[in-house]
Structures are given as structure tokens and as C-alpha cells.
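J.: Here you go, my_file.tsv (TSV, C-alpha atoms and all ligand atoms):
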chain	number	residue	atom	x	y	z
K	85	MET	CA	118.15	71.74	59.29
K	86	GLY	CA	116.52	68.97	57.23
K	87	SER	CA	118.72	66.27	58.72
K	88	MET	CA	118.15	67.59	62.26
K	89	THR	CA	114.42	67.33	61.77
K	90	THR	CA	114.78	63.81	60.42
K	91	THR	CA	116.82	62.75	63.44
K	92	THR	CA	114.20	64.15	65.78
K	93	HIS	CA	111.42	62.28	64.01
K	94	THR	CA	113.32	59.00	64.03
K	95	ASP	CA	113.36	59.40	67.82
K	96	SER	CA	109.69	60.31	68.06
K	97	ALA	CA	107.38	58.02	70.01
K	98	LEU	CA	105.34	57.45	66.84
K	99	VAL	CA	108.25	56.23	64.72
K	100	ARG	CA	109.79	54.22	67.56
K	101	ALA	CA	106.50	52.44	68.34
K	102	ALA	CA	106.02	51.71	64.63
K	103	ARG	CA	109.43	50.04	64.62
K	104	GLY	CA	108.77	48.10	67.84
K	105	ILE	CA	111.34	50.10	69.84
K	106	ASP	CA	110.57	51.14	73.45
K	107	THR	CA	108.95	54.56	73.95
K	108	PRO	CA	108.56	56.87	76.98
K	109	HIS	CA	104.78	56.57	76.52
K	110	THR	CA	102.37	55.04	74.01
K	111	PRO	CA	102.01	57.52	71.14
K	112	VAL	CA	98.48	58.65	70.31
K	113	TRP	CA	96.82	60.38	67.37
K	114	PHE	CA	93.29	60.19	65.98
K	115	MET	CA	92.15	59.52	62.44
K	116	ARG	CA	90.21	62.64	61.32
K	117	GLN	CA	91.60	64.57	64.28
K	118	ALA	CA	91.53	67.55	61.90
K	119	GLY	CA	88.01	68.26	60.79
K	120	ARG	CA	84.50	69.01	61.79
K	121	SER	CA	84.81	68.08	65.47
K	122	LEU	CA	86.86	71.29	65.85
K	123	PRO	CA	85.10	74.68	65.88
K	124	GLU	CA	88.33	76.35	64.72
K	125	TYR	CA	88.27	74.06	61.65
K	126	ARG	CA	84.63	74.80	60.84
K	127	GLU	CA	85.37	78.52	61.09
K	128	LEU	CA	88.39	78.29	58.79
K	129	ARG	CA	86.56	76.15	56.22
K	130	ALA	CA	83.46	78.39	56.01
K	131	GLY	CA	82.81	79.20	52.35
K	132	ILE	CA	85.78	77.28	50.89
K	133	GLY	CA	85.37	73.93	49.13
K	134	MET	CA	87.26	70.90	50.41
K	135	LEU	CA	89.51	70.43	47.34
K	136	ASP	CA	90.15	74.18	47.11
K	137	THR	CA	91.26	74.14	50.75
K	138	ILE	CA	93.61	71.23	50.09
K	139	ARG	CA	95.22	73.20	47.24
K	140	ARG	CA	96.12	76.04	49.65
K	141	PRO	CA	99.33	75.13	51.57
K	142	ASP	CA	98.77	77.90	54.14
K	143	LEU	CA	95.31	76.54	54.99
K	144	VAL	CA	96.55	72.93	54.99
K	145	ALA	CA	99.32	73.77	57.45
K	146	GLU	CA	96.93	75.64	59.75
K	147	ILE	CA	94.26	72.88	59.74
K	148	THR	CA	96.87	70.14	60.21
K	149	LEU	CA	98.28	71.96	63.23
K	150	GLN	CA	94.95	72.71	64.92
K	151	PRO	CA	94.49	69.30	66.60
K	152	VAL	CA	98.18	69.14	67.59
K	153	ARG	CA	97.95	72.44	69.45
K	154	ARG	CA	94.63	71.58	71.01
K	155	HIS	CA	95.11	67.92	72.02
K	156	GLY	CA	98.88	67.50	72.35
K	157	VAL	CA	98.77	64.38	70.17
K	158	ASP	CA	102.03	62.63	69.19
K	159	ALA	CA	101.52	63.06	65.44
K	160	ALA	CA	99.84	65.28	62.90
K	161	ILE	CA	98.14	63.89	59.81
K	162	LEU	CA	98.34	65.92	56.64
K	163	PHE	CA	95.07	67.63	55.79
K	164	SER	CA	94.27	66.22	52.36
K	165	ASP	CA	92.05	63.48	50.95
K	166	ILE	CA	92.37	60.11	49.25
K	167	VAL	CA	90.84	61.50	46.04
K	168	VAL	CA	93.47	64.24	45.64
K	169	PRO	CA	95.80	62.25	43.34
K	170	VAL	CA	92.76	61.05	41.38
K	171	ALA	CA	91.59	64.62	40.80
K	172	ALA	CA	95.17	65.66	40.02
K	173	ALA	CA	95.29	62.94	37.35
K	174	GLY	CA	92.33	64.52	35.58
K	175	VAL	CA	89.26	62.73	37.00
K	176	ASP	CA	86.25	64.99	37.56
K	177	VAL	CA	85.68	64.32	41.27
K	178	ASP	CA	84.31	66.53	44.02
K	179	ILE	CA	84.02	66.05	47.77
K	180	VAL	CA	80.43	66.72	48.75
K	181	ALA	CA	79.82	67.65	52.40
K	182	GLY	CA	77.92	64.92	54.23
K	183	THR	CA	78.38	62.44	51.33
K	184	GLY	CA	82.05	62.14	50.41
K	185	PRO	CA	83.71	61.80	47.00
K	186	VAL	CA	81.39	62.01	43.98
K	187	VAL	CA	82.78	61.09	40.53
K	188	ALA	CA	81.05	62.70	37.52
K	189	GLU	CA	81.85	59.91	35.05
K	190	PRO	CA	82.44	56.60	36.83
K	191	ILE	CA	85.16	54.27	35.51
K	192	ARG	CA	83.62	51.01	34.28
K	193	SER	CA	85.40	49.95	31.08
K	194	ALA	CA	88.90	49.31	29.74
K	195	GLN	CA	88.69	52.61	27.81
K	196	ASP	CA	87.81	54.48	31.01
K	197	VAL	CA	90.83	52.95	32.73
K	198	ALA	CA	93.12	53.83	29.82
K	199	ALA	CA	92.03	57.47	30.24
K	200	LEU	CA	93.19	57.53	33.88
K	201	ARG	CA	96.50	59.35	33.60
K	202	ARG	CA	99.74	58.43	35.26
K	203	LEU	CA	100.31	60.96	38.05
K	204	ASP	CA	103.33	63.19	37.65
K	205	PRO	CA	104.85	64.68	40.85
K	206	SER	CA	104.27	68.15	39.38
K	207	ASP	CA	100.51	67.46	39.39
K	208	VAL	CA	100.59	67.59	43.20
K	209	SER	CA	103.22	70.29	43.74
K	210	TYR	CA	100.80	72.02	46.15
K	211	VAL	CA	100.97	68.90	48.37
K	212	ASP	CA	104.78	69.02	48.30
K	213	GLU	CA	104.60	72.68	49.33
K	214	ALA	CA	101.99	72.01	52.02
K	215	VAL	CA	104.11	69.25	53.60
K	216	ARG	CA	107.18	71.50	53.67
K	217	LEU	CA	105.27	74.37	55.26
K	218	THR	CA	103.54	72.08	57.76
K	219	THR	CA	106.67	70.19	58.89
K	220	ALA	CA	108.49	73.51	59.38
K	221	GLU	CA	105.71	74.67	61.72
K	222	LEU	CA	105.34	71.31	63.48
K	223	GLY	CA	108.95	71.14	64.69
K	224	ASP	CA	109.38	67.96	66.74
K	225	THR	CA	105.91	66.54	66.08
K	226	PRO	CA	106.01	64.01	63.24
K	227	LEU	CA	103.71	64.44	60.25
K	228	ILE	CA	101.92	61.40	58.80
K	229	GLY	CA	101.36	61.38	55.05
K	230	PHE	CA	98.80	59.13	53.40
K	231	ALA	CA	97.20	57.74	50.28
K	232	GLY	CA	94.08	55.76	49.48
K	233	ALA	CA	94.68	52.09	48.68
K	234	PRO	CA	93.73	50.73	45.24
K	235	PHE	CA	90.57	48.91	46.39
K	236	THR	CA	89.03	51.84	48.27
K	237	LEU	CA	89.85	54.29	45.47
K	238	ALA	CA	88.60	51.85	42.81
K	239	SER	CA	85.32	51.58	44.70
K	240	TYR	CA	84.74	55.37	44.60
K	241	LEU	CA	85.73	55.52	40.93
K	242	ILE	CA	83.56	52.60	39.82
K	243	GLU	CA	80.51	53.34	41.99
K	244	GLY	CA	80.73	57.09	41.37
K	245	GLY	CA	80.37	57.73	45.11
K	246	PRO	CA	80.11	55.99	48.45
K	247	SER	CA	78.50	52.54	48.40
K	248	ARG	CA	77.28	50.19	51.11
K	249	THR	CA	77.49	47.00	49.02
K	250	HIS	CA	80.30	47.85	46.55
K	251	ALA	CA	78.13	45.96	44.04
K	252	LYS	CA	79.38	47.63	40.83
K	253	THR	CA	82.94	47.34	42.09
K	254	LYS	CA	82.63	43.61	42.69
K	255	ALA	CA	80.77	43.15	39.38
K	256	LEU	CA	83.78	44.60	37.53
K	257	MET	CA	86.27	42.70	39.70
K	258	TYR	CA	84.61	39.32	39.04
K	259	GLY	CA	83.30	40.03	35.53
K	260	ASP	CA	86.30	41.74	33.94
K	261	PRO	CA	89.38	40.92	35.99
K	262	ASP	CA	91.78	42.30	33.34
K	263	THR	CA	90.19	45.74	33.52
K	264	TRP	CA	90.05	45.49	37.31
K	265	HIS	CA	93.76	44.71	37.57
K	266	ALA	CA	94.65	47.44	35.06
K	267	LEU	CA	92.69	49.98	37.12
K	268	CYS	CA	94.25	48.89	40.42
K	269	ALA	CA	97.75	48.83	38.91
K	270	ARG	CA	97.36	52.45	37.78
K	271	LEU	CA	95.92	53.47	41.16
K	272	ALA	CA	98.83	51.75	42.91
K	273	GLU	CA	101.36	53.49	40.68
K	274	ASN	CA	99.74	56.87	41.36
K	275	ALA	CA	99.51	56.21	45.11
K	276	LEU	CA	103.21	55.42	45.11
K	277	THR	CA	104.01	58.67	43.30
K	278	PHE	CA	101.76	60.61	45.69
K	279	LEU	CA	103.44	59.06	48.76
K	280	ARG	CA	106.94	59.61	47.38
K	281	VAL	CA	106.16	63.32	46.95
K	282	GLN	CA	105.06	63.50	50.59
K	283	ILE	CA	108.12	61.57	51.82
K	284	GLY	CA	110.44	63.74	49.73
K	285	ALA	CA	108.87	66.82	51.34
K	286	GLY	CA	109.38	65.49	54.85
K	287	VAL	CA	106.59	63.30	56.25
K	288	ALA	CA	107.84	61.00	59.03
K	289	ALA	CA	105.48	58.07	58.36
K	290	VAL	CA	102.79	57.11	55.86
K	291	GLN	CA	99.41	55.43	56.14
K	292	LEU	CA	97.73	53.52	53.33
K	293	PHE	CA	93.96	53.81	53.83
K	294	ASP	CA	92.02	50.80	52.57
K	295	SER	CA	88.92	51.82	54.46
K	296	TRP	CA	86.51	49.55	52.56
K	297	ALA	CA	88.67	46.41	52.10
K	298	GLY	CA	86.59	44.70	54.78
K	299	ALA	CA	83.89	44.22	52.14
K	300	LEU	CA	85.96	41.34	50.71
K	301	SER	CA	86.58	37.74	51.76
K	302	GLU	CA	90.18	36.87	52.48
K	303	ALA	CA	90.41	34.79	49.29
K	304	ASP	CA	89.14	37.65	47.10
K	305	TYR	CA	91.31	40.16	48.95
K	306	ARG	CA	94.38	38.04	48.26
K	307	ARG	CA	93.49	37.53	44.63
K	308	TYR	CA	92.22	40.95	43.58
K	309	VAL	CA	93.71	43.48	46.00
K	310	LEU	CA	96.78	42.29	47.89
K	311	PRO	CA	99.18	42.40	44.89
K	312	HIS	CA	98.32	46.07	44.28
K	313	SER	CA	98.54	47.21	47.90
K	314	THR	CA	101.81	45.25	48.14
K	315	ALA	CA	103.16	47.18	45.15
K	316	VAL	CA	102.52	50.45	47.02
K	317	LEU	CA	103.92	49.39	50.39
K	318	THR	CA	106.95	47.45	49.16
K	319	GLY	CA	107.66	50.26	46.68
K	320	LEU	CA	108.43	52.38	49.76
K	321	ALA	CA	110.73	49.84	51.41
K	322	GLU	CA	113.83	51.95	50.75
K	323	ALA	CA	112.17	55.25	51.71
K	324	GLY	CA	113.06	54.86	55.37
K	325	VAL	CA	109.70	55.84	56.91
K	326	PRO	CA	107.30	53.48	58.71
K	327	ARG	CA	104.29	52.29	56.75
K	328	ILE	CA	100.86	51.86	58.36
K	329	HIS	CA	98.20	49.78	56.58
K	330	PHE	CA	94.63	50.47	57.70
K	331	GLY	CA	91.15	49.17	56.95
K	332	VAL	CA	87.75	48.77	58.63
K	333	GLY	CA	85.97	45.45	59.20
K	334	THR	CA	89.20	43.63	58.38
K	335	ALA	CA	89.27	41.01	61.16
K	336	GLU	CA	89.62	38.23	58.56
K	337	LEU	CA	92.18	40.21	56.52
K	338	LEU	CA	94.65	41.28	59.21
K	339	GLY	CA	97.23	38.61	58.34
K	340	ALA	CA	97.09	39.40	54.63
K	341	MET	CA	97.20	43.16	55.26
K	342	GLY	CA	100.38	42.67	57.28
K	343	GLU	CA	101.88	40.59	54.46
K	344	ALA	CA	101.42	43.53	52.06
K	345	GLY	CA	104.59	45.04	53.53
K	346	ALA	CA	103.42	47.34	56.31
K	347	ASP	CA	105.35	47.96	59.54
K	348	VAL	CA	102.12	48.68	61.40
K	349	VAL	CA	98.63	47.28	60.87
K	350	GLY	CA	95.62	49.41	61.81
K	351	VAL	CA	92.88	47.50	63.60
K	352	ASP	CA	89.25	48.56	64.01
K	353	TRP	CA	87.31	48.14	67.28
K	354	ARG	CA	85.89	44.73	66.39
K	355	THR	CA	89.12	42.83	67.05
K	356	PRO	CA	90.97	43.12	70.39
K	357	LEU	CA	94.62	44.10	69.81
K	358	ASP	CA	96.02	40.91	71.37
K	359	VAL	CA	93.86	38.79	69.05
K	360	ALA	CA	94.87	41.03	66.14
K	361	THR	CA	98.55	40.52	66.96
K	362	ARG	CA	98.13	36.73	66.82
K	363	ARG	CA	96.69	37.13	63.32
K	364	ILE	CA	99.25	39.68	62.09
K	365	GLY	CA	102.31	38.00	63.59
K	366	PRO	CA	104.83	38.99	66.26
K	367	ASP	CA	107.00	41.25	64.08
K	368	LYS	CA	104.57	44.10	63.38
K	369	ALA	CA	103.23	46.94	65.49
K	370	VAL	CA	99.50	47.62	65.75
K	371	GLN	CA	97.47	50.84	65.68
K	372	GLY	CA	94.06	51.33	67.24
K	373	ASN	CA	91.46	50.65	68.32
K	374	LEU	CA	88.93	52.57	70.42
K	375	ASP	CA	85.42	52.52	68.95
K	376	PRO	CA	84.85	56.18	67.91
K	377	THR	CA	81.31	56.08	69.33
K	378	THR	CA	82.76	55.28	72.78
K	379	LEU	CA	83.80	58.93	72.85
K	380	LEU	CA	80.09	59.77	73.22
K	381	ALA	CA	79.84	57.60	76.36
K	382	PRO	CA	80.30	58.68	80.01
K	383	TRP	CA	83.95	59.26	80.99
K	384	GLU	CA	84.10	56.12	83.20
K	385	VAL	CA	83.26	53.99	80.15
K	386	ILE	CA	85.90	55.73	78.03
K	387	GLU	CA	88.55	55.36	80.73
K	388	ALA	CA	87.88	51.62	81.13
K	389	GLU	CA	88.11	51.13	77.37
K	390	VAL	CA	91.40	53.06	77.13
K	391	ARG	CA	92.85	50.88	79.92
K	392	ARG	CA	91.70	47.69	78.21
K	393	ILE	CA	93.17	48.75	74.85
K	394	LEU	CA	96.54	49.73	76.39
K	395	ASP	CA	96.67	46.32	78.15
K	396	GLN	CA	95.82	44.37	75.02
K	397	GLY	CA	98.23	46.48	72.93
K	398	ARG	CA	101.12	45.18	75.05
K	399	ALA	CA	100.86	41.89	73.15
K	400	ALA	CA	102.37	43.62	70.08
K	401	PRO	CA	106.00	44.76	69.71
K	402	GLY	CA	104.70	48.32	69.34
K	403	HIS	CA	101.36	50.07	69.85
K	404	ILE	CA	100.14	53.39	68.46
K	405	PHE	CA	96.92	54.40	70.21
K	406	ASN	CA	94.15	55.53	67.85
K	407	LEU	CA	90.49	55.03	67.17
K	408	GLY	CA	89.23	52.07	65.14
K	409	HIS	CA	88.10	54.62	62.51
K	410	GLY	CA	87.75	58.40	62.28
K	411	VAL	CA	86.56	60.99	64.80
K	412	LEU	CA	82.85	61.66	64.29
K	413	PRO	CA	81.93	65.32	63.71
K	414	GLU	CA	79.61	65.31	66.77
K	415	ILE	CA	82.34	64.25	69.20
K	416	ASP	CA	83.22	66.83	71.88
K	417	PRO	CA	86.87	67.70	71.19
K	418	THR	CA	87.60	68.22	74.91
K	419	VAL	CA	87.09	64.46	75.30
K	420	LEU	CA	89.83	63.82	72.73
K	421	THR	CA	92.21	66.01	74.74
K	422	ARG	CA	91.35	64.05	77.90
K	423	VAL	CA	91.89	60.71	76.15
K	424	THR	CA	95.29	61.90	74.89
K	425	GLU	CA	96.30	62.85	78.44
K	426	LEU	CA	94.98	59.57	79.84
K	427	VAL	CA	96.93	57.46	77.32
K	428	HIS	CA	100.10	59.40	78.15
K	429	THR	CA	99.61	59.05	81.91
K	430	LEU	CA	98.65	55.38	81.94
K	431	SER	CA	101.42	54.32	79.56
K	432	ALA	CA	104.27	56.42	81.05
K	433	ARG	CA	107.33	54.22	81.72
K	501	LIG	O1	92.61	64.36	60.38
K	501	LIG	C1	92.50	63.79	59.27
K	501	LIG	O2	92.45	62.56	59.20
K	501	LIG	C2	92.39	64.69	58.07
K	501	LIG	C3	92.80	64.21	56.77
K	501	LIG	C4	91.88	63.28	56.00
K	501	LIG	C5	90.66	63.63	55.34
K	501	LIG	N1	90.24	62.59	54.57
K	501	LIG	C6	89.98	64.94	55.44
K	501	LIG	C7	88.52	65.00	55.17
K	501	LIG	C8	92.13	61.95	55.68
K	501	LIG	C9	93.24	61.07	56.19
K	501	LIG	C10	91.09	61.54	54.77
K	501	LIG	C11	91.09	60.23	54.12
K	501	LIG	C12	89.86	59.74	53.51
K	501	LIG	N2	88.98	60.41	52.69
K	501	LIG	C13	89.42	58.39	53.61
K	501	LIG	C14	90.13	57.31	54.35
K	501	LIG	C15	89.92	57.47	55.81
K	501	LIG	C16	88.58	56.98	56.29
K	501	LIG	O3	87.90	57.78	56.92
K	501	LIG	O4	88.25	55.82	56.07
K	501	LIG	C17	88.24	58.28	52.88
K	501	LIG	C18	87.39	57.04	52.73
K	501	LIG	C19	87.97	59.55	52.29
K	501	LIG	C20	86.84	59.93	51.40
K	501	LIG	C21	86.03	60.97	52.08
K	501	LIG	N3	86.35	62.30	52.10
K	501	LIG	C22	84.88	60.78	52.91
K	501	LIG	C23	84.18	59.48	53.16
K	501	LIG	C24	84.54	62.04	53.42
K	501	LIG	C25	83.45	62.39	54.43
K	501	LIG	C26	82.23	62.95	53.81
K	501	LIG	C27	81.38	63.68	54.84
K	501	LIG	O5	81.16	64.89	54.65
K	501	LIG	O6	80.97	63.05	55.82
K	501	LIG	C28	85.46	62.97	52.89
K	501	LIG	C29	85.51	64.41	53.17
K	501	LIG	C30	86.53	64.81	54.18
K	501	LIG	N4	87.84	64.43	54.12
K	501	LIG	C31	86.34	65.65	55.28
K	501	LIG	C32	87.58	65.80	55.91
K	501	LIG	C33	87.92	66.65	57.10
K	501	LIG	C34	85.04	66.34	55.65
K	501	LIG	C35	84.81	67.47	54.68
K	501	LIG	C36	84.36	68.74	55.32
K	501	LIG	O7	84.94	69.20	56.30
K	501	LIG	O8	83.41	69.32	54.74
Go ahead and express the file in the form of C-alpha cells.

T.:
Amino acid sequence: MGSMTTTTHTDSALVRAARGIDTPHTPVWFMRQAGRSLPEYRELRAGIGMLDTIRRPDLVAEITLQPVRRHGVDAAILFSDIVVPVAAAGVDVDIVAGTGPVVAEPIRSAQDVAALRRLDPSDVSYVDEAVRLTTAELGDTPLIGFAGAPFTLASYLIEGGPSRTHAKTKALMYGDPDTWHALCARLAENALTFLRVQIGAGVAAVQLFDSWAGALSEADYRRYVLPHSTAVLTGLAEAGVPRIHFGVGTAELLGAMGEAGADVVGVDWRTPLDVATRRIGPDKAVQGNLDPTTLLAPWEVIEAEVRRILDQGRAAPGHIFNLGHGVLPEIDPTVLTRVTELVHTLSAR
């Protein structure tokens, strides 16, 4: 049973495109396809906290499947959050609706870092269980697992919540590089453990989210971040599943993000995919890159953008259609279904 499922996923459009192998159509999924854009999600989540939901495998499986049933996308993404392994390692963190992760006692010193525990797989046994339940229900549709990258997680931990400037994060990075590297090394180690649990339970691909890496210059990214993200991605080299490396505002970082060891580099809407491919190199697939706000535009505008992105994506050895960042809660989900159908129709070969 397990090996049959694995074979099916190796043949899936998602995994084939990630490996630069021809596909019957361009695979499509949407970051935050599960979530507040769906009325069935809002109904299911009513009265249950985000982290409590994530600790319930039955709810995780149901929420993860909702967008697959509704849109017919080529992949599911596990319903979880980047702060889950941080909370599981003992940090007092909550996910506040409309804000995001909020950390009660931000990490700003060497002692704080030393208190950040090494994650044990048993700390996230509910994720293992959720992946098993979800993959059993998904059948042929591949499940994408994920983790937050060291920089993006460090930013939440140091700032205590979301930040526009990442000022405290950069102050620690520049002012106390030893503590910075110790923090990122622990976050990388825990991300690796978290991803290995998901792979062991059956995810078909993984995505490393470095959503806020675009706050850095290329030189600082290479010096302070790349070694840690590389440790995560190359640590999975033998795991046999494609690795996607994603960030926002990363036009100047695309080459370096590819070097970290990903098979696929996620690209936001600011960089056309053919330009991105020149920066990343000819041996990696790309994922993206419709501007999420385009989904609020008239259909003619959306259709023209989808055509442009499919054309530009042909410059890469493989293309996974996605948004440049997540689905906004106010987006009409029927538009996402139409975009999925359009990508499938236009790319059929
Ligand atoms: O379909 C999916 O992508 C679902 C799985 C998923 C969630 N978070 C669920 C979620 C994934 C892949 C994430 C990753 C995540 N979490 C990232 C990286 C991706 C990105 O968007 O850049 C980041 C930065 C976080 C931290 C976080 N968690 C933020 C910024 C927020 C939004 C806060 C808000 O309310 O606007 C969250 C909460 C969160 N994570 C929600 C969901 C569906 C919304 C919570 C809710 O429904 O109340």
C-alpha cells in the first residue's frame, strides 16, 4: 500500500515538474489554498484556536482536503503553521487572528537561545498522525509538507511578532553574530527534524518557507542565512522528495536561494519567470507567480496574466503554477477553481 502510493506520487504532475520531467499539464496549487477564503474552512474553524486545530489530525485532514475537492488542484498542502515546531519545542507562541504569530518572551540573548530545545520527533507526533490520515484520504493527490526557514522563524522569535522592518532581528544579526548563528543553527536542526517526520509519514514534496528573506541584501543573505537554509535543504538530499525553496521580494536572492539545495525555487510576482530562470540557472524548476491581488481583477485580466506566466514558465525545465504569495482571505474561491481549470486547459500537451 505504502509503496503503491509512493509510486503514484513519483508520477504526479507536481513531482515530475519539480524534477524537470515532462507532464501532461502544468501542475497548479495555491499557497494558503486552505484557509479563510473558503466558507467551509471558516465554518469548521469557528470557536477553535489555530494551534488547537493543528493538533487535531481529523481536523487537519479535513481542512487540507477542502481546497483539493473544491478546486481540483494538483497538490494539497498540509494544514499546519511554521511556528508549530517552535511551540512544540517549548516556546510560548500563539497565532493571533489577523496578526500572525505572537511570542510571549522574545529571544534576544545567548541564554534565550540556549533555552530553545532541540525538537524530538515525539514532540510533533500529532503532525505524523495528521500526515498519515491526510495522505490516506488524498489517494493520488500528492501532499506537500513544509517548514519555516531559519531567517523567517528567527524574525518572529526575536521581534515577538510580525515586523515590517525586521529591525530587532537585524540588530541581533549584526551586533551579536555568534548568538544569531546559534539561534539559526538550532532552528535549522528543528526544521530538519520537523520535515523528516512529515516525509516519514508520507508527504510527496516539501517547501521551505523563507517568506521574509527578501528583507536582506544578497551579501547579508549569503553570510547570515544561506548556510542555515542549506543545512535544512541538503539535509534532505537522501530523502527522495523534491524540495521547494520560497520567499517574497527575493529578486536579488534567487540565485543564492537555488544554491541552498532546492529542486524548485518559488518566485514572487515581481520577477517574470523567464528572468528568474536566468538568475536561478537552467537546472532548477520554478514555482509561481501570479500576483494574489490579480485574483480580485476582472476575469480578462486574470486570463491574460495566466497566459503570460505559462509562457514565461516555459523557460525553466519545470514549472509549478502558483501565486507569488498566499491567497488573500477576501478572494472569491470560485475564481481559484476557474484559474485551476484554465491552467490545465492552456497547458495540456
Ligand atoms: O493552504 C495553506 O497554505 C495552509 C497551511 C499554512 C498556514 N500557514 C495556515 C495558516 C502554511 C503553509 C502556513 C505557513 C506560514 N505561517 C507562513 C509562511 C507562508 C507565508 O504566508 O509566507 C508564515 C509567515 C506563517 C505565520 C502566520 N501564520 C501568519 C503570517 C498568519 C496570518 C495571520 C492572519 O490572521 O492574517 C498565520 C495564521 C495562519 N496560518 C492562518 C492559516 C490558514 C490564518 C489563521 C486563521 O484561519 O485564523

J.: Please, what is the axis-aligned box for every listed atom of ligand LIG 501 (chain K) with 3 Å on each side, as centre and edge lengths in Å to one decimal, as JSON?

T.:
{"center_x": 87.1, "center_y": 62.6, "center_z": 55.9, "size_x": 18.3, "size_y": 19.5, "size_z": 15.0}

J.: List the neighbours of K:Leu412 out to 12 Å using all atoms listed in the file; skip same-chain residues closer than 3 positions along the sequence, and give me the result as number ranges by chain.

T.: K: 114-122, 182, 375-380, 407-409, 415-417, 420

J.: Just want the 12 Å neighbourhood of K:Val348, counted on all atoms listed in the file, with same-chain residues fewer than 6 positions away dropped. Output as number ranges by chain.

T.: K: 98-104, 289-292, 317, 325-331, 338-339, 341-342, 360-361, 364-372, 400-405

J.: What gap, in Å, lies between atom CA of K:Tyr258 and atom CA of K:Asp176?

T.: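 Distance reported for this atom pair: 25.8 Å.
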
J.: What does the list of residues within 9 Å of ligand LIG 501 (chain K) look like if you count all atoms listed in the file, written as number ranges by chain?

T.: K: 114-120, 125-126, 129, 133-134, 147-148, 151, 160-167, 179-185, 229-233, 236-237, 240, 246, 291-296, 330-332, 409-413

J.: To one decimal in Å, tell me the separation between atom CA of K:Val175 and atom CA of K:Leu135.

T.: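 That distance, rounded to one decimal, is 12.9 Å.
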
J.: Which residues, written as a ChimeraX atom specification, have at least one atom at most 7 Å from K:Ala214, with all atoms listed in the file counted and residues fewer than 5 positions away on the same chain left out?

T.: /K:141,144-145

J.: Mind giving me the straight-line distance from atom CA of K:His109 to atom CA of K:Asp95 in Å, one decimal?

T.: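 According to the coordinates, atom CA of K:His109 and atom CA of K:Asp95 are separated by 12.5 Å.
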
J.: Choose the residue, out of K:Leu357, K:Val168, K:Thr225, K:Leu200, that has the smallest atom-to-atom separation from K:Trp113; count all atoms listed in the file.

T.: K:Thr225

J.: Rank nothing, just name the residue among K:Leu203, K:His312, K:Gly286, K:Asp178 nearest to K:Leu241, using only C-alpha atoms.

T.: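 Among K:Leu203, K:His312, K:Gly286, K:Asp178, it is K:Asp178 that comes nearest to K:Leu241.
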
J.: Rank nothing, just name the residue among K:Leu279, K:Val177, K:Val351, K:Ile191 nearest to K:Lys252, using only C-alpha atoms.

T.: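 Going through K:Leu279, K:Val177, K:Val351, K:Ile191 one by one, the smallest distance to K:Lys252 is for K:Ile191.
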
J.: Within 12 Å of K:Pro382, counting only C-alpha atoms, which residues show up once you throw out same-chain ones fewer than 6 positions away? Write them as a ChimeraX atom specification, please.

T.: /K:388-389,416,419

J.: Around the point (96.6, 39.5, 47.2) (coordinates from the file), which residues reach within 9 Å if we count only C-alpha atoms? Answer as a compact mmCIF listing (two decimals) with C-alpha atoms, in the frame of the given file.

T.:
# COMPACT_ATOMS: atom_id res chain seq x y z
CA GLU K 302 90.18 36.87 52.48
CA ALA K 303 90.41 34.79 49.29
CA ASP K 304 89.14 37.65 47.10
CA TYR K 305 91.31 40.16 48.95
CA ARG K 306 94.38 38.04 48.26
CA ARG K 307 93.49 37.53 44.63
CA TYR K 308 92.22 40.95 43.58
CA VAL K 309 93.71 43.48 46.00
CA LEU K 310 96.78 42.29 47.89
CA PRO K 311 99.18 42.40 44.89
CA HIS K 312 98.32 46.07 44.28
CA SER K 313 98.54 47.21 47.90
CA THR K 314 101.81 45.25 48.14
CA ALA K 340 97.09 39.40 54.63
CA MET K 341 97.20 43.16 55.26
CA ALA K 344 101.42 43.53 52.06

J.: Out of K:Ala272, K:Thr334, K:Gly350, K:Thr263, which residue has the shortest atom-to-atom distance to K:Leu320 when counting all atoms listed in the file?

T.: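 Of K:Ala272, K:Thr334, K:Gly350, K:Thr263, the one nearest K:Leu320, counting all atoms listed in the file, is K:Ala272.
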